[in-house]
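The file my_file_19.txt comes next; it holds compact mmCIF, C-alpha atoms.
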# COMPACT_ATOMS: atom_id res chain seq x y z
CA MET A 1 40.36 -7.89 26.68
CA ASN A 2 40.13 -4.08 26.44
CA LYS A 3 36.99 -2.13 27.27
CA ARG A 4 36.15 -1.46 23.61
CA ASN A 5 36.20 -5.16 22.75
CA ILE A 6 34.15 -5.99 25.85
CA LEU A 7 31.54 -3.43 24.78
CA TYR A 8 31.57 -4.70 21.21
CA ARG A 9 31.13 -8.33 22.23
CA GLY A 10 28.45 -7.34 24.73
CA LEU A 11 26.48 -5.60 21.98
CA LEU A 12 26.81 -8.67 19.76
CA CYS A 13 25.44 -10.85 22.56
CA MET A 14 22.51 -8.50 23.08
CA MET A 15 21.75 -8.52 19.35
CA TYR A 16 21.90 -12.32 19.30
CA LEU A 17 19.54 -12.61 22.27
CA ALA A 18 17.14 -10.15 20.65
CA LEU A 19 17.16 -12.20 17.45
CA CYS A 20 16.46 -15.38 19.43
CA LEU A 21 13.49 -13.70 21.11
CA VAL A 22 12.12 -12.63 17.73
CA LEU A 23 12.46 -16.13 16.32
CA LEU A 24 10.89 -17.73 19.38
CA ALA A 25 8.01 -15.28 19.42
CA SER A 26 7.30 -15.73 15.74
CA CYS A 27 7.84 -19.49 15.40
CA ASP A 28 4.11 -20.18 15.60
CA ASP A 29 3.32 -17.91 12.65
CA ASN A 30 6.16 -16.97 10.32
CA GLY A 31 3.75 -15.77 7.66
CA HIS A 32 1.05 -17.19 5.43
CA TYR A 33 -1.53 -16.19 2.86
CA GLU A 34 -5.14 -15.54 3.76
CA VAL A 35 -7.67 -15.56 0.91
CA THR A 36 -11.21 -14.25 1.16
CA GLU A 37 -13.86 -13.80 -1.49
CA ASP A 38 -12.55 -10.33 -2.35
CA THR A 39 -8.93 -10.08 -1.23
CA VAL A 40 -5.60 -11.85 -0.82
CA CYS A 41 -3.46 -10.89 2.17
CA TYR A 42 -0.07 -11.93 3.45
CA ARG A 43 -0.18 -12.13 7.24
CA TYR A 44 3.02 -12.15 9.29
CA TRP A 45 4.27 -11.28 12.74
CA THR A 46 6.81 -8.58 13.61
CA PHE A 47 8.57 -7.89 16.87
CA SER A 48 7.75 -4.18 16.73
CA TYR A 49 4.15 -4.16 15.50
CA GLY A 50 2.76 -7.63 16.13
CA TYR A 51 0.64 -9.10 13.32
CA ILE A 52 0.56 -7.28 9.99
CA ASN A 53 -1.75 -7.96 7.07
CA ASP A 54 -0.41 -6.80 3.73
CA THR A 55 -3.02 -6.80 0.99
CA LEU A 56 -1.92 -7.93 -2.46
CA PRO A 57 -3.95 -5.41 -4.48
CA GLU A 58 -3.50 -7.05 -7.90
CA ALA A 59 -3.91 -10.66 -6.75
CA ASP A 60 -6.99 -12.52 -7.95
CA PRO A 61 -8.60 -14.36 -5.01
CA LYS A 62 -10.58 -16.61 -7.36
CA THR A 63 -7.45 -18.17 -8.86
CA PHE A 64 -4.94 -17.66 -6.05
CA ILE A 65 -2.96 -20.69 -4.82
CA ASP A 66 -0.44 -20.74 -1.98
CA LEU A 67 2.39 -23.01 -3.08
CA LYS A 68 4.22 -22.45 0.21
CA ASP A 69 3.70 -20.14 3.16
CA TRP A 70 6.07 -17.74 1.40
CA LEU A 71 5.20 -18.38 -2.28
CA GLY A 72 1.87 -17.87 -4.01
CA LYS A 73 0.40 -17.35 -7.45
CA ASP A 74 -2.79 -16.52 -9.29
CA ALA A 75 -3.61 -16.94 -12.97
CA HIS A 76 -1.34 -14.07 -14.00
CA ARG A 77 1.20 -13.32 -11.26
CA VAL A 78 3.65 -14.89 -8.80
CA TYR A 79 4.31 -13.60 -5.29
CA PHE A 80 7.14 -13.95 -2.79
CA LYS A 81 5.32 -13.21 0.46
CA GLU A 82 3.55 -9.91 -0.27
CA LYS A 83 5.88 -8.94 -3.13
CA GLN A 84 5.07 -9.62 -6.76
CA ILE A 85 7.90 -11.39 -8.60
CA LYS A 86 8.24 -9.42 -11.79
CA GLY A 87 8.41 -11.57 -14.91
CA ALA A 88 7.84 -14.91 -13.15
CA ASP A 89 5.59 -17.40 -14.96
CA PRO A 90 2.70 -18.67 -12.79
CA ASN A 91 2.21 -21.70 -15.02
CA THR A 92 5.69 -23.13 -14.38
CA VAL A 93 6.78 -21.64 -11.06
CA GLU A 94 7.88 -24.04 -8.34
CA ALA A 95 9.30 -23.61 -4.86
CA LYS A 96 12.80 -24.69 -3.94
CA LYS A 97 14.39 -24.28 -0.53
CA TYR A 98 13.26 -21.00 1.07
CA PRO A 99 13.61 -18.34 -0.27
CA LEU A 100 14.49 -19.78 -3.70
CA CYS A 101 12.02 -20.57 -6.47
CA CYS A 102 12.19 -20.99 -10.22
CA ASP A 103 10.12 -21.11 -13.38
CA LYS A 104 10.90 -22.27 -16.91
CA LYS A 105 13.05 -19.17 -17.54
CA ASP A 106 14.94 -18.27 -14.39
CA TYR A 107 15.59 -18.63 -10.66
CA TYR A 108 14.43 -16.08 -8.10
CA PHE A 109 16.02 -15.36 -4.72
CA MET A 110 13.75 -13.57 -2.24
CA GLY A 111 11.57 -12.55 -5.16
CA VAL A 112 14.40 -11.08 -7.24
CA ALA A 113 15.38 -12.53 -10.62
CA MET A 114 18.88 -14.04 -10.61
CA ASN A 115 19.24 -13.84 -14.41
CA VAL A 116 20.65 -17.35 -14.59
CA ALA A 117 22.49 -17.86 -17.87
CA ASP A 118 22.35 -21.66 -18.01
CA LYS A 119 19.37 -22.91 -16.04
CA GLU A 120 19.98 -26.54 -17.00
CA HIS A 121 23.33 -26.59 -15.18
CA PHE A 122 22.37 -24.32 -12.28
CA LYS A 123 23.14 -25.71 -8.83
CA VAL A 124 23.18 -24.36 -5.31
CA LEU A 125 26.60 -24.64 -3.68
CA HIS A 126 25.79 -23.24 -0.26
CA TYR A 127 22.83 -21.75 1.52
CA ASP A 128 22.91 -20.58 5.13
CA TRP A 129 21.65 -17.00 5.45
CA ASN A 130 23.23 -16.28 2.08
CA LEU A 131 23.22 -18.14 -1.22
CA TRP A 132 26.14 -19.24 -3.39
CA ALA A 133 25.37 -20.99 -6.67
CA LYS A 134 26.78 -21.47 -10.16
CA ASP A 135 25.97 -22.67 -13.66
CA SER A 136 28.28 -23.41 -16.59
CA ARG A 137 29.05 -19.70 -17.15
CA TYR A 138 28.70 -17.70 -13.96
CA ALA A 139 28.66 -17.85 -10.18
CA TYR A 140 25.82 -16.29 -8.18
CA TYR A 141 25.69 -14.66 -4.76
CA ASP A 142 22.12 -14.23 -3.53
CA SER A 143 20.47 -12.61 -6.58
CA THR A 144 23.70 -11.15 -8.01
CA ARG A 145 25.53 -12.66 -10.96
CA VAL A 146 29.29 -12.92 -10.37
CA GLU A 147 31.73 -13.16 -13.25
CA VAL A 148 34.55 -15.57 -12.42
CA ARG A 149 37.56 -16.60 -14.48
CA ASN A 150 37.31 -20.33 -13.79
CA VAL A 151 33.70 -21.27 -13.12
CA LYS A 152 34.41 -25.00 -13.44
CA ASP A 153 36.53 -24.94 -10.26
CA PHE A 154 34.46 -22.34 -8.43
CA HIS A 155 33.60 -23.56 -4.92
CA VAL A 156 32.54 -22.16 -1.56
CA VAL A 157 34.96 -22.29 1.36
CA ASP A 158 32.63 -20.87 3.98
CA TYR A 159 29.54 -18.68 4.12
CA CYS A 160 31.35 -15.44 3.29
CA TRP A 161 33.99 -16.41 0.73
CA ALA A 162 34.49 -18.56 -2.32
CA THR A 163 37.20 -19.14 -4.89
CA ASP A 164 37.77 -20.44 -8.40
CA ASN A 165 41.41 -21.23 -7.50
CA LEU A 166 42.46 -18.06 -9.33
CA ASP A 167 40.67 -15.33 -7.36
CA VAL A 168 38.90 -14.83 -4.04
CA TYR A 169 35.31 -13.59 -3.79
CA VAL A 170 33.95 -12.16 -0.53
CA PHE A 171 30.19 -11.66 -0.16
CA GLY A 172 29.89 -11.94 -3.94
CA GLU A 173 32.59 -9.35 -4.73
CA LEU A 174 36.07 -9.91 -6.15
CA LEU A 175 38.73 -9.25 -3.51
CA PRO A 176 41.58 -7.72 -5.53
CA ASP A 177 45.06 -9.26 -5.22
CA ALA A 178 43.96 -11.97 -2.79
CA ASP A 179 45.84 -15.25 -3.05
CA PRO A 180 43.40 -18.19 -2.87
CA LYS A 181 46.14 -20.64 -1.83
CA THR A 182 46.96 -18.79 1.38
CA PHE A 183 43.71 -16.90 2.01
CA LYS A 184 42.05 -17.45 5.39
CA HIS A 185 38.86 -16.14 6.94
CA LEU A 186 39.65 -15.33 10.57
CA GLU A 187 37.26 -14.21 13.32
CA ASN A 188 35.48 -10.88 13.86
CA GLY A 189 35.54 -9.89 10.19
CA TYR A 190 39.27 -10.25 9.61
CA MET A 191 40.86 -12.06 6.65
CA ARG A 192 44.41 -12.53 5.45
CA ASP A 193 46.65 -14.15 2.88
CA LYS A 194 50.45 -14.30 2.65
CA SER A 195 50.71 -10.63 1.66
CA HIS A 196 47.61 -8.80 2.91
CA VAL A 197 45.18 -8.37 5.80
CA TRP A 198 41.58 -7.23 5.36
CA TYR A 199 38.82 -6.15 7.70
CA ILE A 200 35.61 -7.35 6.05
CA ASP A 201 36.45 -6.29 2.47
CA SER A 202 38.77 -3.35 3.24
CA LEU A 203 42.54 -3.72 3.03
CA ILE A 204 44.49 -2.88 6.21
CA PRO A 205 47.65 -1.44 4.67
CA ASP A 206 49.72 -1.25 7.88
CA ALA A 207 49.00 -4.80 9.12
CA ASP A 208 51.73 -7.43 9.03
CA PRO A 209 50.22 -10.59 7.49
CA LYS A 210 53.01 -12.86 8.74
CA THR A 211 52.23 -12.15 12.40
CA PHE A 212 48.59 -11.07 12.19
CA LYS A 213 46.24 -13.21 14.31
CA VAL A 214 42.87 -13.18 16.00
CA ASP A 215 42.71 -14.98 19.34
CA LYS A 216 39.84 -17.01 20.82
CA GLU A 217 38.39 -13.91 22.44
CA GLY A 218 38.27 -12.07 19.12
CA ASN A 219 41.22 -9.74 19.71
CA ALA A 220 43.19 -8.92 16.56
CA SER A 221 46.88 -8.02 16.57
CA ASP A 222 50.20 -8.29 14.78
CA LYS A 223 53.75 -7.90 16.15
CA TYR A 224 53.36 -4.13 16.21
CA GLY A 225 50.20 -4.06 18.32
CA PRO A 226 46.42 -4.60 18.48
CA PHE A 227 43.60 -3.61 16.09
CA ASN A 228 40.01 -2.52 16.66
CA TYR A 229 37.47 -2.59 13.83
CA GLY A 230 40.24 -2.82 11.24
CA LYS A 231 42.27 0.11 12.58
CA ARG A 232 45.45 -0.04 14.59
CA GLU A 233 44.72 0.75 18.22
CA ASN A 234 46.13 4.04 19.48
CA ALA A 235 47.19 5.02 15.95
CA GLU A 236 47.48 8.74 15.33
CA GLU A 237 44.44 10.20 13.57
Could you show the structure in this file as structure tokens?
Amino acid sequence: MNKRNILYRGLLCMMYLALCLVLLASCDDNGHYEVTEDTVCYRYWTFSYGYINDTLPEADPKTFIDLKDWLGKDAHRVYFKEKQIKGADPNTVEAKKYPLCCDKKDYYFMGVAMNVADKEHFKVLHYDWNLWAKDSRYAYYDSTRVEVRNVKDFHVVDYCWATDNLDVYVFGELLPDADPKTFKHLENGYMRDKSHVWYIDSLIPDADPKTFKVDKEGNASDKYGPFNYGKRENAEE
């Protein structure tokens, strides 16, 4: 493994350990509403600043109800944590799996309207850090509507990509010219099909898809040589 890959993997490990520390430190109090006679606050813990109390200035403490630690409402408004969900109906809102909720009109992901076209046939396909869903007309990635050619056969392959058997969608975006029959998500952000290689969602024009591979240590290469961050190593600038 070259020095650049060692450094890169070392940074990833440090970031992962830092995230674990944050989660461990905050597991006792991930956030909740606190209601007094005059105010409604959302209290949560941060790694940098400790406990923070965000006041909900328009919330009515007399009618406020916490539906979940992350979802609340009063007689006129709905809140995701400390953020008001614009347009949400407090009379019909209900919590789904965090951070998804819905009312009689729409679904909301992290407090943002998803603009679901057919709520009756809406279903979550995958949720693990990111959300994939669909109804009878569209697919959805987090809070973004995704137009697909064949929504009936739209399905999620893994957390980052999905297909309708006609096209490939990566992080909610169409990946032009990708072949769903031969498309593979490799390690360290690399992807390929029979004719192309991508790094994240960027095409690597000089990569050879027939011999391109990523080994167990995360090193990417084809028959002409190795790659770093989607660029051929030692290539002329």
What's around region 62-72 of chain A at 10 Å? Count only C-alpha atoms, leave out sequence neighbours fewer than 3 positions away in its own chain, and write the answer as a compact mmCIF listing (two decimals) with C-alpha atoms, keeping the file's coordinate frame.
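The result, written out as out-v1.txt:
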# COMPACT_ATOMS: atom_id res chain seq x y z
CA ASP A 29 3.32 -17.91 12.65
CA ASN A 30 6.16 -16.97 10.32
CA GLY A 31 3.75 -15.77 7.66
CA HIS A 32 1.05 -17.19 5.43
CA TYR A 33 -1.53 -16.19 2.86
CA GLU A 34 -5.14 -15.54 3.76
CA VAL A 35 -7.67 -15.56 0.91
CA THR A 36 -11.21 -14.25 1.16
CA GLU A 37 -13.86 -13.80 -1.49
CA ASP A 38 -12.55 -10.33 -2.35
CA THR A 39 -8.93 -10.08 -1.23
CA VAL A 40 -5.60 -11.85 -0.82
CA TYR A 42 -0.07 -11.93 3.45
CA ARG A 43 -0.18 -12.13 7.24
CA ALA A 59 -3.91 -10.66 -6.75
CA ALA A 75 -3.61 -16.94 -12.97
CA HIS A 76 -1.34 -14.07 -14.00
CA ARG A 77 1.20 -13.32 -11.26
CA VAL A 78 3.65 -14.89 -8.80
CA TYR A 79 4.31 -13.60 -5.29
CA PHE A 80 7.14 -13.95 -2.79
CA LYS A 81 5.32 -13.21 0.46
CA GLU A 82 3.55 -9.91 -0.27
CA LYS A 83 5.88 -8.94 -3.13
CA GLN A 84 5.07 -9.62 -6.76
CA ILE A 85 7.90 -11.39 -8.60
CA PRO A 90 2.70 -18.67 -12.79
CA VAL A 93 6.78 -21.64 -11.06
CA GLU A 94 7.88 -24.04 -8.34
CA ALA A 95 9.30 -23.61 -4.86
CA LYS A 96 12.80 -24.69 -3.94
CA TYR A 98 13.26 -21.00 1.07
CA PRO A 99 13.61 -18.34 -0.27
CA LEU A 100 14.49 -19.78 -3.70
CA CYS A 101 12.02 -20.57 -6.47
CA MET A 110 13.75 -13.57 -2.24
CA GLY A 111 11.57 -12.55 -5.16
Å distance separating CA of Pro180 (chain A) from CA of Asp193 (chain A), one decimal place: 7.7 Å
Mind checking which residues fall within 10 Å of Ile204 (chain A), counting only C-alpha atoms, ignoring those fewer than 4 positions away in the same chain, and posting them as a JSON list (two decimals) with C-alpha atoms, in the frame of the given file?
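In the end it all went to selection_22.json:
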[["chain", "number", "residue", "atom", "x", "y", "z"],
["A", 190, "TYR", "CA", 39.27, -10.25, 9.61],
["A", 191, "MET", "CA", 40.86, -12.06, 6.65],
["A", 192, "ARG", "CA", 44.41, -12.53, 5.45],
["A", 196, "HIS", "CA", 47.61, -8.80, 2.91],
["A", 197, "VAL", "CA", 45.18, -8.37, 5.80],
["A", 198, "TRP", "CA", 41.58, -7.23, 5.36],
["A", 199, "TYR", "CA", 38.82, -6.15, 7.70],
["A", 200, "ILE", "CA", 35.61, -7.35, 6.05],
["A", 208, "ASP", "CA", 51.73, -7.43, 9.03],
["A", 209, "PRO", "CA", 50.22, -10.59, 7.49],
["A", 227, "PHE", "CA", 43.60, -3.61, 16.09],
["A", 230, "GLY", "CA", 40.24, -2.82, 11.24],
["A", 231, "LYS", "CA", 42.27, 0.11, 12.58],
["A", 232, "ARG", "CA", 45.45, -0.04, 14.59]]
So the first atom is CA of Trp132 (chain A) and the second is CA of Gly189 (chain A); what is the distance between them in Å, to one decimal place? 19.0 Å
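For the pair CA of Gly87 (chain A) and CA of Arg137 (chain A), the interatomic distance is 22.3 Å.
Counting only C-alpha atoms, the residue from A:Ser202, A:Ser143, A:Asn130, A:Thr46 that sits nearest to Asp158 (chain A) is A:Asn130.
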Can you pull out the residues contacting Asn150 (chain A)? Cut-off 12 Å, using all atoms listed in the file, and skip same-chain residues under 2 positions away; I want them as a ChimeraX atom specification. /A:134-139,146-148,152-155,162-168
Rebuild N, CA and C atoms on region 94-109 of chain A, as a PDB file, keeping the file's coordinate frame?
ATOM      1  N   GLU A  94       7.827 -23.021  -9.379  1.00  0.00           N
ATOM      2  CA  GLU A  94       7.880 -24.040  -8.340  1.00  0.00           C
ATOM      3  C   GLU A  94       8.815 -23.595  -7.231  1.00  0.00           C
ATOM      4  N   ALA A  95       8.505 -23.983  -6.023  1.00  0.00           N
ATOM      5  CA  ALA A  95       9.300 -23.610  -4.860  1.00  0.00           C
ATOM      6  C   ALA A  95      10.487 -24.541  -4.694  1.00  0.00           C
ATOM      7  N   LYS A  96      11.619 -23.953  -4.364  1.00  0.00           N
ATOM      8  CA  LYS A  96      12.800 -24.690  -3.940  1.00  0.00           C
ATOM      9  C   LYS A  96      12.954 -24.450  -2.440  1.00  0.00           C
ATOM     10  N   LYS A  97      14.169 -24.568  -1.945  1.00  0.00           N
ATOM     11  CA  LYS A  97      14.390 -24.280  -0.530  1.00  0.00           C
ATOM     12  C   LYS A  97      14.240 -22.789  -0.292  1.00  0.00           C
ATOM     13  N   TYR A  98      13.485 -22.421   0.747  1.00  0.00           N
ATOM     14  CA  TYR A  98      13.260 -21.000   1.070  1.00  0.00           C
ATOM     15  C   TYR A  98      14.589 -20.249   1.095  1.00  0.00           C
ATOM     16  N   PRO A  99      14.643 -19.067   0.471  1.00  0.00           N
ATOM     17  CA  PRO A  99      13.610 -18.340  -0.270  1.00  0.00           C
ATOM     18  C   PRO A  99      13.825 -18.421  -1.785  1.00  0.00           C
ATOM     19  N   LEU A 100      14.154 -19.593  -2.283  1.00  0.00           N
ATOM     20  CA  LEU A 100      14.490 -19.780  -3.700  1.00  0.00           C
ATOM     21  C   LEU A 100      13.329 -20.454  -4.426  1.00  0.00           C
ATOM     22  N   CYS A 101      13.004 -19.926  -5.610  1.00  0.00           N
ATOM     23  CA  CYS A 101      12.020 -20.570  -6.470  1.00  0.00           C
ATOM     24  C   CYS A 101      12.485 -20.423  -7.912  1.00  0.00           C
ATOM     25  N   CYS A 102      11.808 -21.086  -8.814  1.00  0.00           N
ATOM     26  CA  CYS A 102      12.190 -20.990 -10.220  1.00  0.00           C
ATOM     27  C   CYS A 102      10.965 -21.182 -11.098  1.00  0.00           C
ATOM     28  N   ASP A 103      11.102 -20.782 -12.357  1.00  0.00           N
ATOM     29  CA  ASP A 103      10.120 -21.110 -13.380  1.00  0.00           C
ATOM     30  C   ASP A 103      10.885 -21.619 -14.598  1.00  0.00           C
ATOM     31  N   LYS A 104      10.246 -21.702 -15.733  1.00  0.00           N
ATOM     32  CA  LYS A 104      10.900 -22.270 -16.910  1.00  0.00           C
ATOM     33  C   LYS A 104      12.038 -21.391 -17.427  1.00  0.00           C
ATOM     34  N   LYS A 105      12.067 -20.117 -16.999  1.00  0.00           N
ATOM     35  CA  LYS A 105      13.050 -19.170 -17.540  1.00  0.00           C
ATOM     36  C   LYS A 105      14.200 -18.870 -16.599  1.00  0.00           C
ATOM     37  N   ASP A 106      13.948 -18.842 -15.294  1.00  0.00           N
ATOM     38  CA  ASP A 106      14.940 -18.270 -14.390  1.00  0.00           C
ATOM     39  C   ASP A 106      14.752 -18.790 -12.968  1.00  0.00           C
ATOM     40  N   TYR A 107      15.709 -18.431 -12.102  1.00  0.00           N
ATOM     41  CA  TYR A 107      15.590 -18.630 -10.660  1.00  0.00           C
ATOM     42  C   TYR A 107      15.377 -17.278 -10.001  1.00  0.00           C
ATOM     43  N   TYR A 108      14.740 -17.307  -8.818  1.00  0.00           N
ATOM     44  CA  TYR A 108      14.430 -16.080  -8.100  1.00  0.00           C
ATOM     45  C   TYR A 108      14.812 -16.257  -6.634  1.00  0.00           C
ATOM     46  N   PHE A 109      15.591 -15.313  -6.115  1.00  0.00           N
ATOM     47  CA  PHE A 109      16.020 -15.360  -4.720  1.00  0.00           C
ATOM     48  C   PHE A 109      15.356 -14.219  -3.970  1.00  0.00           C
TER      49      PHE A 109
END
